[in-house]
$ cat query-v7.txt   # compact mmCIF, C-alpha atoms
# COMPACT_ATOMS: atom_id res chain seq x y z
CA MET W 1205 -13.39 244.58 187.87
CA LEU W 1206 -15.90 242.41 189.68
CA THR W 1207 -16.80 243.59 193.12
CA LEU W 1208 -17.04 241.05 195.91
CA LEU W 1209 -20.83 241.27 195.86
CA GLU W 1210 -20.96 240.79 192.10
CA ALA W 1211 -18.53 237.90 192.30
CA SER W 1212 -20.62 236.22 194.95
CA ALA W 1213 -23.66 235.95 192.68
CA GLY W 1214 -23.99 232.19 192.29
CA HIS W 1215 -20.85 231.68 194.39
CA HIS W 1216 -19.97 232.08 198.04
CA LEU W 1217 -18.80 235.52 199.14
CA LEU W 1218 -15.94 234.05 201.19
CA THR W 1219 -14.21 232.63 198.10
CA PRO W 1220 -12.92 235.98 196.76
CA ILE W 1221 -12.34 237.17 200.34
CA TRP W 1222 -9.99 234.25 200.96
CA PHE W 1223 -8.24 234.86 197.66
CA ILE W 1224 -7.59 238.42 198.86
CA LEU W 1225 -6.39 237.17 202.26
CA ILE W 1226 -3.96 234.75 200.62
CA SER W 1227 -2.62 237.56 198.43
CA VAL W 1228 -2.10 239.64 201.59
CA LEU W 1229 -0.17 236.78 203.23
CA TRP W 1230 2.09 236.38 200.19
CA THR W 1231 2.60 240.15 200.04
CA GLY W 1232 3.59 240.22 203.71
CA PHE W 1233 5.94 237.31 203.18
CA PHE W 1234 7.81 238.96 200.33
CA PHE W 1235 7.98 242.32 202.13
CA LEU W 1236 9.47 240.75 205.29
CA GLU W 1237 11.34 237.73 204.00
CA GLY W 1238 12.60 239.73 201.04
CA PHE W 1239 15.06 241.74 203.14
CA ASP W 1240 16.46 238.75 205.04
CA PHE W 1241 16.81 236.83 201.76
CA GLY W 1242 18.72 239.87 200.54
CA VAL W 1243 20.96 240.14 203.60
CA ALA W 1244 21.95 236.47 203.33
CA MET W 1245 22.63 236.76 199.60
CA LEU W 1246 24.91 239.72 200.27
CA LEU W 1247 27.09 237.85 202.79
CA PRO W 1248 29.77 236.93 200.19
CA ILE W 1249 29.81 240.51 198.86
CA MET W 1250 29.70 242.61 202.02
CA GLY W 1251 30.98 240.13 204.60
CA ARG W 1252 34.68 240.82 204.16
CA SER W 1253 35.47 239.64 207.70
CA ASP W 1254 33.89 237.31 210.20
CA ARG W 1255 32.85 240.24 212.39
CA ARG W 1256 31.06 241.92 209.48
CA LYS W 1257 29.28 238.66 208.66
CA ARG W 1258 28.20 238.27 212.26
CA ALA W 1259 26.88 241.82 212.32
CA MET W 1260 24.92 241.16 209.11
CA VAL W 1261 23.45 237.91 210.42
CA ASN W 1262 22.59 239.57 213.74
CA THR W 1263 20.45 242.19 211.98
CA ILE W 1264 18.05 239.46 210.86
CA GLY W 1265 18.73 236.92 213.62
CA PRO W 1266 15.71 237.82 215.81
CA VAL W 1267 13.22 238.00 212.91
CA TRP W 1268 14.08 235.67 210.02
CA ASP W 1269 12.21 232.64 211.38
CA GLY W 1270 9.18 234.78 212.24
CA ASN W 1271 9.18 236.12 208.67
CA GLU W 1272 8.97 232.57 207.33
CA VAL W 1273 5.74 232.06 209.26
CA TRP W 1274 4.04 234.19 206.59
CA LEU W 1275 4.98 231.60 203.95
CA LEU W 1276 3.76 228.71 206.11
CA THR W 1277 0.50 230.54 206.74
CA ALA W 1278 0.06 231.40 203.05
CA GLY W 1279 0.68 227.77 202.04
CA GLY W 1280 -1.64 226.48 204.73
CA ALA W 1281 -4.36 228.94 203.75
CA MET W 1282 -4.07 227.89 200.10
CA PHE W 1283 -4.36 224.23 201.08
CA ALA W 1284 -7.41 224.81 203.29
CA ALA W 1285 -9.26 227.48 201.30
CA PHE W 1286 -8.39 226.32 197.77
CA PRO W 1287 -7.48 222.60 197.82
CA GLY W 1288 -7.95 222.39 194.06
CA TRP W 1289 -5.39 225.18 193.56
CA TYR W 1290 -2.93 223.49 195.91
CA ALA W 1291 -3.37 220.09 194.21
CA THR W 1292 -2.91 221.52 190.73
CA LEU W 1293 0.28 223.29 191.83
CA PHE W 1294 1.83 220.05 193.02
CA SER W 1295 0.64 218.11 189.96
CA GLY W 1296 3.35 219.67 187.80
CA LEU W 1297 5.46 221.96 189.96
CA TYR W 1298 6.69 219.51 192.57
CA LEU W 1299 10.39 219.94 191.71
CA PRO W 1300 10.41 223.78 191.86
CA LEU W 1301 8.48 223.70 195.14
CA LEU W 1302 10.94 221.13 196.48
CA LEU W 1303 13.82 223.46 195.58
CA VAL W 1304 12.15 226.26 197.57
CA LEU W 1305 11.74 223.92 200.53
CA LEU W 1306 15.37 222.73 200.36
CA GLY W 1307 16.58 226.33 200.21
CA LEU W 1308 14.58 227.27 203.28
CA ILE W 1309 15.88 224.22 205.14
CA ILE W 1310 19.57 224.82 204.49
CA ARG W 1311 19.35 228.54 205.30
CA GLY W 1312 17.61 227.74 208.57
CA VAL W 1313 20.30 225.19 209.46
CA ALA W 1314 22.97 227.74 208.51
CA PHE W 1315 21.63 230.45 210.81
CA GLU W 1316 21.26 228.04 213.71
CA TYR W 1317 24.65 226.30 213.42
CA ARG W 1318 27.13 228.91 212.13
CA SER W 1319 28.00 230.01 215.68
CA LYS W 1320 28.37 226.51 217.15
CA HIS W 1321 32.11 226.26 216.36
CA PRO W 1322 34.83 228.96 216.33
CA ASP W 1323 36.62 227.57 213.25
CA SER W 1324 36.44 230.01 210.31
CA SER W 1325 35.96 227.27 207.69
CA TRP W 1326 32.95 226.02 209.67
CA ARG W 1327 31.39 229.48 209.66
CA ASN W 1328 32.19 230.11 205.99
CA THR W 1329 30.48 226.85 205.04
CA PHE W 1330 27.29 227.81 206.82
CA ASP W 1331 27.43 231.36 205.47
CA TRP W 1332 27.50 229.95 201.93
CA MET W 1333 24.60 227.68 202.86
CA ALA W 1334 22.65 230.74 204.00
CA THR W 1335 23.45 232.53 200.74
CA ILE W 1336 22.50 229.60 198.51
CA GLY W 1337 19.46 228.83 200.66
CA SER W 1338 18.23 232.40 200.14
CA PHE W 1339 19.13 232.59 196.46
CA LEU W 1340 17.23 229.42 195.50
CA PRO W 1341 13.80 230.44 196.87
CA SER W 1342 14.18 233.97 195.48
CA LEU W 1343 15.01 232.73 191.99
CA VAL W 1344 12.46 229.90 191.90
CA LEU W 1345 9.61 232.01 193.31
CA GLY W 1346 10.42 234.77 190.83
CA VAL W 1347 10.27 232.33 187.93
CA GLY W 1348 7.12 230.79 189.39
CA PHE W 1349 5.17 234.01 189.81
CA ALA W 1350 6.17 235.15 186.33
CA ASN W 1351 4.66 231.90 185.01
CA PHE W 1352 1.48 232.49 187.02
CA VAL W 1353 1.20 235.92 185.43
CA LYS W 1354 1.77 234.36 182.02
CA GLY W 1355 -0.60 231.45 182.74
CA ILE W 1356 0.45 227.81 183.21
CA PRO W 1357 -1.43 225.37 180.91
CA VAL W 1358 -3.64 222.77 182.58
CA GLY W 1359 -5.97 220.09 181.29
CA GLY W 1360 -8.03 217.11 182.31
CA ASN W 1361 -10.49 216.48 185.10
CA PRO W 1362 -9.28 217.17 187.74
CA PRO W 1363 -7.09 219.81 186.05
CA LEU W 1364 -3.39 218.93 186.02
CA VAL W 1365 -0.39 220.93 184.80
CA THR W 1366 0.36 219.96 181.20
CA ALA W 1367 3.43 222.18 180.73
CA SER W 1368 6.86 220.56 180.78
CA LEU W 1369 9.41 221.69 183.37
CA TRP W 1370 11.66 223.28 180.75
CA SER W 1371 8.80 225.26 179.21
CA LEU W 1372 8.59 227.19 182.49
CA PHE W 1373 11.97 228.83 181.78
CA SER W 1374 10.83 231.30 179.14
CA PRO W 1375 12.67 234.64 178.78
CA PHE W 1376 9.82 236.38 180.63
CA ALA W 1377 9.98 233.87 183.50
CA LEU W 1378 13.77 234.12 183.75
CA LEU W 1379 13.46 237.90 183.91
CA GLY W 1380 11.07 237.38 186.82
CA GLY W 1381 13.66 235.24 188.60
CA VAL W 1382 16.43 237.79 188.09
CA LEU W 1383 14.06 240.58 189.19
CA PHE W 1384 13.29 238.85 192.50
CA VAL W 1385 16.96 238.21 193.26
CA VAL W 1386 18.09 241.78 192.51
CA LEU W 1387 15.07 243.36 194.19
CA PHE W 1388 15.53 241.35 197.39
CA CYS W 1389 19.26 242.16 197.42
CA ALA W 1390 18.39 245.85 197.16
CA HIS W 1391 15.78 245.49 199.92
CA GLY W 1392 18.32 243.66 202.07
CA ALA W 1393 21.10 246.21 201.51
CA ILE W 1394 18.79 249.07 202.46
CA PHE W 1395 17.69 247.12 205.54
CA LEU W 1396 21.37 246.77 206.49
CA ALA W 1397 21.80 250.51 206.08
CA LEU W 1398 18.81 250.98 208.37
CA LYS W 1399 20.07 248.55 211.03
CA THR W 1400 23.83 249.20 211.18
CA ARG W 1401 26.34 251.92 212.04
CA GLY W 1402 29.84 252.75 210.92
CA GLU W 1403 31.66 251.29 207.94
CA LEU W 1404 29.09 248.56 207.31
CA HIS W 1405 26.35 251.18 207.23
CA GLU W 1406 28.20 253.25 204.63
CA ASP W 1407 28.90 250.21 202.45
CA ALA W 1408 25.26 249.14 202.67
CA LYS W 1409 24.12 252.62 201.64
CA ALA W 1410 26.37 252.65 198.59
CA LEU W 1411 25.47 249.13 197.46
CA GLY W 1412 21.77 249.57 198.24
CA SER W 1413 21.60 252.72 196.13
CA LYS W 1414 23.09 250.93 193.10
CA LEU W 1415 21.03 247.78 193.50
CA ALA W 1416 17.80 249.75 193.89
CA LEU W 1417 18.39 251.59 190.63
CA VAL W 1418 18.96 248.29 188.80
CA ALA W 1419 15.95 246.66 190.49
CA GLY W 1420 13.72 249.63 189.68
CA ALA W 1421 14.70 249.50 186.01
CA LEU W 1422 14.06 245.74 185.91
CA LEU W 1423 10.66 246.27 187.54
CA LEU W 1424 9.63 248.81 184.91
CA VAL W 1425 10.76 246.54 182.07
CA PHE W 1426 8.99 243.55 183.61
CA GLY W 1427 5.82 245.58 184.19
CA ILE W 1428 5.69 246.83 180.60
CA TRP W 1429 6.28 243.31 179.24
CA MET W 1430 3.69 241.83 181.62
CA ASN W 1431 0.95 244.30 180.75
CA ILE W 1432 1.51 244.29 177.01
CA ALA W 1433 1.87 240.53 176.57
CA TYR W 1434 -0.16 239.08 179.44
CA GLY W 1435 -2.51 241.82 180.61
CA LYS W 1436 -6.03 241.06 181.81
CA SER W 1437 -8.89 241.43 179.35
CA ASN W 1438 -10.88 243.34 181.97
CA ALA W 1439 -10.14 247.02 181.29
CA MET W 1440 -10.28 248.23 184.89
CA MET W 1441 -8.09 245.42 186.19
CA HIS W 1442 -5.63 245.95 183.35
CA THR W 1443 -5.41 249.64 184.24
CA LEU W 1444 -4.77 248.74 187.88
CA THR W 1445 -1.88 246.43 186.99
CA TRP W 1446 -0.32 249.17 184.88
CA ILE W 1447 -0.62 251.63 187.78
CA LEU W 1448 0.74 249.17 190.36
CA MET W 1449 3.73 248.03 188.32
CA THR W 1450 4.62 251.64 187.47
CA LEU W 1451 4.32 252.54 191.15
CA ALA W 1452 6.52 249.55 192.04
CA GLY W 1453 9.29 250.56 189.66
CA LEU W 1454 9.25 254.23 190.61
CA SER W 1455 9.19 253.41 194.35
CA VAL W 1456 12.29 251.24 194.09
CA LEU W 1457 14.08 253.84 191.95
CA ALA W 1458 13.20 256.45 194.58
CA ALA W 1459 14.64 254.16 197.28
CA GLY W 1460 17.99 254.20 195.48
CA TYR W 1461 18.04 257.99 195.66
CA LEU W 1462 16.76 258.18 199.24
CA VAL W 1463 19.24 255.73 200.77
CA GLY W 1464 22.08 257.62 199.09
CA LYS W 1465 20.86 260.76 200.87
CA GLY W 1466 20.87 258.99 204.24
CA LYS W 1467 17.09 258.58 204.50
CA ASP W 1468 17.32 254.91 205.44
CA SER W 1469 13.85 254.46 206.93
CA VAL W 1470 12.03 256.10 204.02
CA ALA W 1471 14.17 254.18 201.53
CA PHE W 1472 13.33 250.87 203.21
CA LEU W 1473 9.62 251.68 203.16
CA SER W 1474 9.98 252.67 199.51
CA THR W 1475 11.43 249.30 198.47
CA GLY W 1476 8.72 247.68 200.60
CA VAL W 1477 6.02 249.61 198.73
CA GLY W 1478 7.59 248.49 195.46
CA ILE W 1479 7.53 244.84 196.49
CA MET W 1480 3.95 245.05 197.76
CA ALA W 1481 2.69 246.81 194.63
CA MET W 1482 4.37 244.20 192.45
CA ILE W 1483 2.88 241.22 194.32
CA VAL W 1484 -0.61 242.77 194.40
CA SER W 1485 -0.44 243.29 190.63
CA PHE W 1486 0.52 239.62 190.22
CA PHE W 1487 -2.50 238.47 192.19
CA LEU W 1488 -4.75 240.80 190.21
CA THR W 1489 -3.69 239.00 187.04
CA MET W 1490 -4.32 235.65 188.80
CA TYR W 1491 -7.81 236.60 189.96
CA GLY W 1492 -10.30 234.09 188.62
CA ASN W 1493 -8.00 231.56 186.95
CA LEU W 1494 -5.45 231.34 189.82
CA GLY W 1495 -2.55 231.59 187.39
CA PHE W 1496 -3.59 228.69 185.16
CA ILE W 1497 -4.99 228.63 181.62
CA SER W 1498 -6.88 225.96 179.74
CA SER W 1499 -7.68 225.78 176.03
CA GLY W 1500 -10.77 223.69 176.78
CA GLN W 1501 -12.98 222.53 179.61
CA PRO W 1502 -12.71 221.59 182.35
CA GLY W 1503 -10.15 224.12 183.49
CA LEU W 1504 -9.32 225.63 186.86
CA ASP W 1505 -10.92 228.68 188.43
CA MET W 1506 -11.12 229.98 191.96
CA TRP W 1507 -14.74 228.90 192.36
CA SER W 1508 -14.24 225.26 191.46
CA ALA W 1509 -10.93 225.11 193.39
CA SER W 1510 -12.27 226.54 196.67
CA SER W 1511 -13.40 224.68 199.76
CA SER W 1512 -17.00 224.46 200.92
CA PRO W 1513 -18.68 227.56 202.40
CA TYR W 1514 -18.74 225.90 205.83
CA THR W 1515 -14.96 225.31 205.75
CA LEU W 1516 -14.35 228.91 204.73
CA LYS W 1517 -16.56 230.15 207.58
CA ILE W 1518 -14.56 228.16 210.14
CA MET W 1519 -11.30 229.46 208.68
CA THR W 1520 -12.56 233.03 208.80
CA VAL W 1521 -13.38 232.77 212.50
CA ALA W 1522 -9.96 231.22 213.25
CA ALA W 1523 -8.17 233.89 211.23
CA ALA W 1524 -10.06 236.68 212.99
CA ILE W 1525 -8.84 235.34 216.34
CA PHE W 1526 -5.24 234.33 215.68
CA VAL W 1527 -3.97 236.70 212.96
CA PRO W 1528 -4.10 239.78 215.26
CA VAL W 1529 -2.18 237.82 217.89
CA VAL W 1530 0.55 236.88 215.42
CA LEU W 1531 0.75 240.43 214.07
CA GLY W 1532 0.99 241.86 217.57
CA TYR W 1533 3.80 239.50 218.52
CA GLN W 1534 5.76 240.26 215.36
CA ILE W 1535 5.38 244.02 215.78
CA TRP W 1536 6.59 243.66 219.38
CA THR W 1537 9.64 241.67 218.18
CA TYR W 1538 10.65 244.37 215.70
CA TRP W 1539 10.19 247.03 218.38
CA VAL W 1540 12.41 245.20 220.90
CA PHE W 1541 15.20 244.70 218.33
CA ARG W 1542 14.90 248.13 216.73
CA ARG W 1543 18.37 249.48 217.57
CA ARG W 1544 21.27 249.63 215.14
CA ILE W 1545 24.20 247.19 215.23
CA SER W 1546 27.87 247.98 214.67
CA VAL W 1547 30.79 245.75 213.75
CA ASP W 1548 32.46 247.17 216.87
CA ASN W 1549 29.82 245.38 218.95
CA MET W 1550 30.96 242.01 217.61
CA PRO W 1551 33.52 240.09 219.72
CA ASP W 1552 36.93 239.20 218.33
CA ASP W 1553 37.40 235.72 216.86
CA MET W 1554 39.52 234.67 219.83
CA ALA W 1555 36.75 235.69 222.21
CA ALA W 1556 34.50 233.15 220.55
CA GLU W 1557 36.75 230.27 221.58
CA PRO W 1558 34.95 228.08 224.11
CA ALA W 1559 36.55 228.05 227.54
CA ALA W 1560 36.52 224.26 227.49
CA ALA W 1561 38.94 224.25 224.56
CA THR W 1562 41.85 224.87 226.95
CA ALA W 1563 40.88 222.01 229.25
$ encode --input "query-v7.txt" --output "structure tokens"
Amino acid sequence: MLTLLEASAGHHLLTPIWFILISVLWTGFFFLEGFDFGVAMLLPIMGRSDRRKRAMVNTIGPVWDGNEVWLLTAGGAMFAAFPGWYATLFSGLYLPLLLVLLGLIIRGVAFEYRSKHPDSSWRNTFDWMATIGSFLPSLVLGVGFANFVKGIPVGGNPPLVTASLWSLFSPFALLGGVLFVVLFCAHGAIFLALKTRGELHEDAKALGSKLALVAGALLLVFGIWMNIAYGKSNAMMHTLTWILMTLAGLSVLAAGYLVGKGKDSVAFLSTGVGIMAMIVSFFLTMYGNLGFISSGQPGLDMWSASSSPYTLKIMTVAAAIFVPVVLGYQIWTYWVFRRRISVDNMPDDMAAEPAAATA
């Protein structure tokens, strides 16, 4: 594997550094947003009453919008540091990216408006919006990253996506979509076990244990398929992806065992390690070609797609100043809202009636 100094020979050192930073942002996004995607997707399964649904939503209420900041930052960093990468993405993947955006919009609206009216049909509608709005991004991003691992064909100058929309739905890509959905549901269920007490806690433990075992098995299958069919030609990098995907699968399998034994915190960290190892392995396979392949020249690589050295220098200074501030604020938020929630803490439906309704 090329070291940063080797890679910078004839190129600017900040180019691979910013590729690494973007991979860190995406990894943080999936670690944090993964569990609140999962909680929202589990609303129809575990939310057997309005009070249970409210308890579930309240576990992610203080943090879900902060978690989405990681996606906005990752997208913004891609646009600024690698404008060629960003442009090529939108040249052929506009519809999938639009579906991700629509999902994020309707889930945000659902969380903000579900409590604005006491009627149960109103709340059920917005709960389904939250579920669908979490399912869509999970599925589409899973399919998308599987295609980046596989390599999306590009051609022309500037390079544009030449693959048809339907060609993106290969069996390998669909497995990636299913993997993301199941893995995030497992991550979300274990987060619920970590953040709740009583009956909801016990149900989350039982469901999280089962989902983690399924997700771990899917991860191992996906990792084997990925490394055999689409592994990097570089021997060291190929070895790393094997190690990371094996670690990811075993970590998630271990989480299923741990949450069943009541070790909620360790189980949650275990699914988090699995998600992070998986995403890092994806970006290792994307190093150099950014997830695109070309049978001829010109193609797309990280060097030709990156911004000027001066732009990258300015971005580096800004990131060094503001990223610690954002991290500090988010850590503080999780610390303030660290306590567990119980269904017993939720008010009765009648208590939610506005006082003005009797006027």
$ closest_residue --input "query-v7.txt" --among "W:Phe1239, W:Phe1349, W:Trp1326, W:Phe1496" --to "Ala1397 of chain W" --atoms "all atoms listed in the file"
W:Phe1239
$ closest_atom_pairs --input "query-v7.txt" --of "segment 1308-1412 of chain W" --to "segment 1246-1252 of chain W" --cutoff "10 Å" --atoms "all atoms listed in the file" --output "Markdown table"
| residue | atom | partner | partner_atom | distance |
| --- | --- | --- | --- | --- |
| W:Asn1328 | CA | W:Pro1248 | CA | 9.3 |
| W:Asp1331 | CA | W:Leu1247 | CA | 7.0 |
| W:Trp1332 | CA | W:Pro1248 | CA | 7.5 |
| W:Ala1334 | CA | W:Leu1247 | CA | 8.5 |
| W:Thr1335 | CA | W:Leu1247 | CA | 6.8 |
| W:Ser1338 | CA | W:Leu1246 | CA | 9.9 |
| W:Phe1339 | CA | W:Leu1246 | CA | 9.9 |
| W:Phe1388 | CA | W:Leu1246 | CA | 9.9 |
| W:Cys1389 | CA | W:Leu1246 | CA | 6.8 |
| W:Ala1390 | CA | W:Leu1246 | CA | 9.5 |
| W:Gly1392 | CA | W:Leu1246 | CA | 7.9 |
| W:Ala1393 | CA | W:Leu1246 | CA | 7.6 |
| W:Leu1404 | CA | W:Met1250 | CA | 8.0 |
| W:Asp1407 | CA | W:Met1250 | CA | 7.7 |
| W:Ala1408 | CA | W:Met1250 | CA | 7.9 |
| W:Leu1411 | CA | W:Met1250 | CA | 9.0 |
$ closest_atom_pairs --input "query-v7.txt" --of "segment 1465-1540 of chain W" --to "segment 1368-1386 of chain W" --cutoff "12 Å" --atoms "all atoms listed in the file" --output "tab-separated table"
residue	atom	partner	partner_atom	distance
W:Thr1475	CA	W:Val1386	CA	11.7
W:Gly1478	CA	W:Phe1384	CA	11.6
W:Ile1479	CA	W:Phe1384	CA	9.2
W:Met1482	CA	W:Phe1384	CA	10.4
W:Ile1483	CA	W:Phe1384	CA	10.8
W:Phe1486	CA	W:Gly1380	CA	11.3
$ write_last_selection --input "query-v7.txt" --atoms "C-alpha atoms" --output "CSV table (one decimal), in the frame of the given file"
chain,number,residue,atom,x,y,z
W,1475,THR,CA,11.4,249.3,198.5
W,1478,GLY,CA,7.6,248.5,195.5
W,1479,ILE,CA,7.5,244.8,196.5
W,1482,MET,CA,4.4,244.2,192.4
W,1483,ILE,CA,2.9,241.2,194.3
W,1486,PHE,CA,0.5,239.6,190.2
$ closest_residue --input "query-v7.txt" --among "W:Trp1446, W:Phe1233, W:Phe1541, W:Phe1526" --to "Trp1429 of chain W" --atoms "all atoms listed in the file"
W:Trp1446
$ atom_distance --input "query-v7.txt" --atom1 "atom CA of Phe1241 of chain W" --atom2 "atom CA of Gly1476 of chain W"
13.6 Å
$ closest_residue --input "query-v7.txt" --among "W:Gly1402, W:Gly1296, W:Gly1464, W:Gly1337" --to "Pro1357 of chain W" --atoms "only C-alpha atoms"
W:Gly1296
$ closest_residue --input "query-v7.txt" --among "W:Val1344, W:Ser1512, W:Ala1410, W:Thr1537" --to "Phe1286 of chain W" --atoms "only C-alpha atoms"
W:Ser1512
$ decode --input "query-v7.txt" --residues "segment 1357-1365 of chain W" --atoms "all heavy atoms" --output "PDB file, in the first residue's frame"
ATOM      1  N   PRO W1357     -18.632   1.961 -13.972  1.00  0.00           N
ATOM      2  CA  PRO W1357     -17.966   2.353 -15.228  1.00  0.00           C
ATOM      3  C   PRO W1357     -18.164   3.832 -15.551  1.00  0.00           C
ATOM      4  O   PRO W1357     -19.253   4.377 -15.394  1.00  0.00           O
ATOM      5  CB  PRO W1357     -18.658   1.477 -16.278  1.00  0.00           C
ATOM      6  CG  PRO W1357     -19.295   0.367 -15.515  1.00  0.00           C
ATOM      7  CD  PRO W1357     -19.673   0.934 -14.189  1.00  0.00           C
ATOM      8  N   VAL W1358     -17.078   4.461 -15.989  1.00  0.00           N
ATOM      9  CA  VAL W1358     -17.129   5.852 -16.449  1.00  0.00           C
ATOM     10  C   VAL W1358     -16.382   5.953 -17.769  1.00  0.00           C
ATOM     11  O   VAL W1358     -15.571   5.095 -18.125  1.00  0.00           O
ATOM     12  CB  VAL W1358     -16.517   6.822 -15.416  1.00  0.00           C
ATOM     13  CG1 VAL W1358     -17.316   6.848 -14.142  1.00  0.00           C
ATOM     14  CG2 VAL W1358     -15.058   6.480 -15.130  1.00  0.00           C
ATOM     15  N   GLY W1359     -16.657   7.023 -18.488  1.00  0.00           N
ATOM     16  CA  GLY W1359     -15.963   7.267 -19.748  1.00  0.00           C
ATOM     17  C   GLY W1359     -16.113   8.709 -20.168  1.00  0.00           C
ATOM     18  O   GLY W1359     -16.970   9.434 -19.660  1.00  0.00           O
ATOM     19  N   GLY W1360     -15.274   9.117 -21.122  1.00  0.00           N
ATOM     20  CA  GLY W1360     -15.360  10.468 -21.649  1.00  0.00           C
ATOM     21  C   GLY W1360     -14.433  11.423 -20.927  1.00  0.00           C
ATOM     22  O   GLY W1360     -13.712  11.060 -19.997  1.00  0.00           O
ATOM     23  N   ASN W1361     -14.435  12.656 -21.379  1.00  0.00           N
ATOM     24  CA  ASN W1361     -13.615  13.703 -20.792  1.00  0.00           C
ATOM     25  C   ASN W1361     -14.420  14.994 -20.737  1.00  0.00           C
ATOM     26  O   ASN W1361     -14.665  15.607 -21.758  1.00  0.00           O
ATOM     27  CB  ASN W1361     -12.346  13.922 -21.621  1.00  0.00           C
ATOM     28  CG  ASN W1361     -11.377  14.862 -20.933  1.00  0.00           C
ATOM     29  OD1 ASN W1361     -11.496  15.107 -19.737  1.00  0.00           O
ATOM     30  ND2 ASN W1361     -10.422  15.387 -21.684  1.00  0.00           N
ATOM     31  N   PRO W1362     -14.926  15.406 -19.562  1.00  0.00           N
ATOM     32  CA  PRO W1362     -14.672  14.826 -18.241  1.00  0.00           C
ATOM     33  C   PRO W1362     -15.373  13.477 -18.078  1.00  0.00           C
ATOM     34  O   PRO W1362     -16.350  13.204 -18.786  1.00  0.00           O
ATOM     35  CB  PRO W1362     -15.271  15.866 -17.290  1.00  0.00           C
ATOM     36  CG  PRO W1362     -16.348  16.514 -18.083  1.00  0.00           C
ATOM     37  CD  PRO W1362     -15.830  16.571 -19.483  1.00  0.00           C
ATOM     38  N   PRO W1363     -14.884  12.633 -17.165  1.00  0.00           N
ATOM     39  CA  PRO W1363     -15.471  11.298 -17.010  1.00  0.00           C
ATOM     40  C   PRO W1363     -16.898  11.353 -16.483  1.00  0.00           C
ATOM     41  O   PRO W1363     -17.178  12.033 -15.492  1.00  0.00           O
ATOM     42  CB  PRO W1363     -14.537  10.618 -16.005  1.00  0.00           C
ATOM     43  CG  PRO W1363     -13.852  11.734 -15.295  1.00  0.00           C
ATOM     44  CD  PRO W1363     -13.741  12.858 -16.262  1.00  0.00           C
ATOM     45  N   LEU W1364     -17.802  10.658 -17.152  1.00  0.00           N
ATOM     46  CA  LEU W1364     -19.196  10.574 -16.750  1.00  0.00           C
ATOM     47  C   LEU W1364     -19.579   9.115 -16.567  1.00  0.00           C
ATOM     48  O   LEU W1364     -19.008   8.226 -17.214  1.00  0.00           O
ATOM     49  CB  LEU W1364     -20.103  11.219 -17.804  1.00  0.00           C
ATOM     50  CG  LEU W1364     -19.808  12.673 -18.167  1.00  0.00           C
ATOM     51  CD1 LEU W1364     -20.713  13.132 -19.304  1.00  0.00           C
ATOM     52  CD2 LEU W1364     -19.960  13.589 -16.965  1.00  0.00           C
ATOM     53  N   VAL W1365     -20.562   8.871 -15.703  1.00  0.00           N
ATOM     54  CA  VAL W1365     -21.028   7.502 -15.460  1.00  0.00           C
ATOM     55  C   VAL W1365     -21.682   6.966 -16.726  1.00  0.00           C
ATOM     56  O   VAL W1365     -22.567   7.599 -17.314  1.00  0.00           O
ATOM     57  CB  VAL W1365     -22.017   7.467 -14.287  1.00  0.00           C
ATOM     58  CG1 VAL W1365     -22.630   6.071 -14.143  1.00  0.00           C
ATOM     59  CG2 VAL W1365     -21.318   7.873 -12.995  1.00  0.00           C
TER      60      VAL W1365
END
